[in-house]
Every structure is written in structure tokens, then in C-alpha cells.
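Chemist: Next up is a structure, given as C-alpha cells.
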Amino acid sequence: MSINPPRRRPLSVGPLRAFEAVARLKSFRAAADELFLTQSAVSRQIQALEEEVGAQLLSRGTRHVALTGAGIALLQATAPALARIDSTVRQIRAAGGRRIVNVTTFASFASLWLIPRLASFEARHPDIDIRLLATDRLEALDGQQVDLALRYGLTVDRPPQAHRLFDEVITPATSPQLAERARRGELPPLRSAADLVHHTLLEEDDVRPSARYLSWRHWLAQFGEPELEPRRWLYLNFTHQQIQAAIDGQGVALARIALICHTLERGELVEPFGPAGRLLSPCAYWMQVAEAAKARPEVQAFVQWVAEQAELTGDTIGASRPDTSSGGGDASPLGYIETDAAAAMPQRA
């Protein structure tokens with residue numbers, strides 16, 4: 001087949017959609033049926049696309065259609081792009097012109113930090129809708145229908161262009177009923193780390209590298225009890241399960257202060273060792289905004305609200321927050337600063 005020299009003008013969407021359908025279905029007839037076109041119309045669109053690209057994209061056999069090397073490369077770029085376009089159009093149609101901010105974060109952060117605070121954002125911006133995608137998968141924002149991600153991880157592994165929200169501080173926490181029974185002598189005492197030998201420890205069962213700093217083994221080692229074996233272990237693979245078990249009096253959780261602020265304020269959990277039992281980890285919470293979403297007023301409003309809530313959380317946990325007084329670097333109110341969290345960890349209560 002004779003291929004014309006490649007052209008420089010942008011490709012039309014119609015031929016790209018026809019090409020994607022033929023490549024996916026491996027059939028001109030099936031593609032024509034899906035697109036409500038005739039086979040000859042689909043064939044003409046593919047031919048026009050090949051002329052525009054300047055390379056053969058499909059190898060046409062008697063009973064099959066196969067992709068050439070150029071076709072494979074174009075399909076890898078085309079299929080995700082068309083899927084994003086279709087998804088965006090569906091969202092626009094469903095929203096009926098309403099302003100929406102699409103937020104992704106991990107499930108426990110959504111349940112314990114974000115959702116309890118959303119009412120204040122809704123009161124301030126009743127015309128902005130929030131679409132929340134809670135997932136523990138950590139994926140790049142590029143190519144997803146997401147405006148903003150709220151994430152967590154080691155400081156040294158912070159995502160590019162991410163803005164620090166607040167540090168990670170962990171503390172033993174249990175129900176006030178369990179703590180009171182221990183105080184009255186109805187249960188073994190809870191006055192020091194060594195007393196945990198008589199209690200059930202609620203452990204987050206997580207294999208990610210950052211999880212070691214959320215483990216009881218790490219906390220016990222820092223507080224002088226590296227070999228301590230509790231009365232019982234209860235392993236849970238989600239933070240919110242661990243917190244719920246602690247609220248129900250099933251044991252002592254090693255909780256993230258940032259995620260239990262409201263629970264502590266409501267008296268549903270208490271810190272049996274008080275502030276002396278808190279430990280700063282080398283992890284932190286981050287916000288990352290998709291480049292394509294930064295200029296939208298509704299996204300800017302949500303970013304500002306998250307910044308305000310993060311500052312309040314930082315005040316509560318007493319950990320470091322971004323210093324924006326210098327005016328250098330990131331101009332965002334959530335500018336990043338480096339801290340040596342490991343050096344700040346207490347060695348013994």
C-alpha cells in the first residue's frame with residue numbers, strides 16, 4: 001500500500017475512534033456495528049488515518065485484522081485518551097452543568113479525616129459537588145478522571161509537586177471504658193509501656209514500607225520494650241477497622257493522631273499514656289493537584305479548604321507544618337519543607 005508523507009495537522013477524532021474500535025474488536029464488521037457505520041465507511045476512515053499518520057496501522061487478512069508496530073503504538077496512546085474523553089463527557093452529562101471536584105484518597109483517610117470535615121466545606125460552597133474515590137491504590141494523576149489526591153507515605157518518597165499537609169504522629173489509644181477499668185483495678189494497669197504485656201494489641205496488618213512505623217514493634221522498641229509479647233494480638237488490615245475495634249474496647253490500638261482527632265475530642269478514644277506516648281514517624285500526608293485542574297475555581301476552593309483543615313490538624317497533633325513565611329519555593333499555602341522526622345522521635349517515654 002502506498003503511504004503519503006506524514007502531515008502535521010492534528011488528527012480528527014472520528015478516524016481515531018474507528019481505528020480504536022477495529023483494533024479492539026479485530027473486525028471491521030464488528031467495529032461498524034458498534035459505531036453505527038457501514039464497513040466501507042470504517043474502511044475509508046482507517047485509510048484516511050493511515051494517510052494522515054504516514055504509516056500502515058492495520059494488516060488486513062482474509063479473516064482477521066492485525067496491528068502493525070505503528071498500529072500498536074498508536075493504540076496505546078489512543079485507547080486511554082478516548083476512554084478519558086468518554087468518561088469526562090459522561091460526568092458532564094450527569095452533572096448537568098454543576099461544578100464538581102473529583103478527589104481520590106485512601107479509604108481510612110476518607111472515613112476518618114475527610115468525610116467528618118466535609119460538612120464545613122459544603123456549608124461554605126453549597127454549589128460545589130464532591131466526588132470521592134476511596135482506593136488504596138497509589139496511581140499517577142495523569143490520565144485519570146481525578147482533580148486532586150490526598151495521600152500518605154514516607155517523606156523521602158513524596159510524590160512530585162505534592163504539598164505537605166501535616167506529619168504523622170502515632171499514639172496508643174483505647175476506649176475510655178477500658179482505660180477506666182484499668183485505673184480502677186478491674187483490668188491490668190495501663191501506666192507504662194511494660195503494662196501492655198497484659199492487654200490485647202490491635203495491629204495494622206500492612207506490608208507497605210511505611211507500615212513499619214505504624215507497628216507496635218517499632219513503638220515498643222522506641223519505648224524500651226522491644227521483646228514485649230502482649231496477652232493477645234488482633235491483626236486488622238485497615239486503619240478504620242483498628243480504630244473501631246479500639247472504640248469497642250477490644251484492645252489498645254496504635255493510632256494516627258491526625259485520623260483520630262475528632263474521636264479524641266468526642267471522648268470515644270483516650271490516650272492511656274497521654275502526650276508522653278506519642279511518637280513522630282518519618283511519614284507525612286500530602287495533597288497533589290492535577291495540572292489540568294489547577295485553574296478551575298472549584299478546585300482552588302477545595303484546595304484552600306483542605307489547607308485550612310490541615311493547619312488545624314497540625315495544631316492538634318503538635319507536629320511540624322509548612323513554613324510559608326519565607327515566600328520562596330512553592331507559592332501554594334501548602335508549600336513543602338524538609339524535616340528530619342526520625343531525629344525528632346523520642347527514644348523513651
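Residue numbers start at 1 in each chain; chains themselves are named A, B, ... in the order of the C-alpha cells; ligands are numbered from 1 in the order shown.
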Please run DSSP on the backbone and report, as a PyMOL selection string, all residues within stretch 86-312 of chain A that come out as helix (DSSP H, G or I).

Modeler: chain A and resi 86-95+107-124+155-157+176-184+193-198+209-214+216-222+239-247+257-265+274-277+291-293+297-312

Chemist: Which residues come within 7 Å of stretch 170-174 of chain A, counting only C-alpha atoms, excluding same-chain residues fewer than 5 positions away, as a list in words?

Modeler: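 Skipping anything fewer than 5 positions along the chain leaves Ala179, Ala246, Ile247, Gly249, Gly251, Val252, Ala253, Leu254, Ala255, Arg256, Ile257, Leu269, Val270, Glu271, Pro272, Gly277, Arg278, Leu279 and Leu280 of chain A.
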
Chemist: Pick the closest to A:Arg217 from A:Ala193, A:Val169, A:Val289, A:Leu236: which is it, counting only C-alpha atoms?

Modeler: A:Ala193

Chemist: Name all residues at most 12 Å from A:Ala77 (count only C-alpha atoms; drop same-chain ones fewer than 4 positions away) and give them as a ChimeraX atom specification.

Modeler: /A:16-17,19-20,70-73,81-84,143

Chemist: Find, counting only C-alpha atoms, the residue in A:Pro176, A:Gly314, A:Pro226, A:Gly185 that gets nearest to A:Gly267.

Modeler: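 Distance minimum relative to A:Gly267 lands on A:Pro176.
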
Chemist: With a distance cut-off of 8 Å and only C-alpha atoms, select the neighbouring residues of A:Leu132, excluding the residue or stretch itself and same-chain residues fewer than 3 positions from it, and output the selection as a list in words.

Modeler: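 That gives Asn102, Val103, Thr104 and Thr105 of chain A.
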
Chemist: Got time to write the residues from that selection, C-alpha atoms, as an mmCIF file, in the first residue's frame?

Modeler:
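Written output follows (result.cif):
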```cif
data_model
loop_
_atom_site.group_PDB
_atom_site.id
_atom_site.type_symbol
_atom_site.label_atom_id
_atom_site.label_comp_id
_atom_site.auth_asym_id
_atom_site.auth_seq_id
_atom_site.Cartn_x
_atom_site.Cartn_y
_atom_site.Cartn_z
ATOM 1 C CA ASN A 102 -13.065 14.750 41.913
ATOM 2 C CA VAL A 103 -10.984 13.656 44.914
ATOM 3 C CA THR A 104 -9.132 10.401 45.493
ATOM 4 C CA THR A 105 -7.584 9.212 48.743
#
```
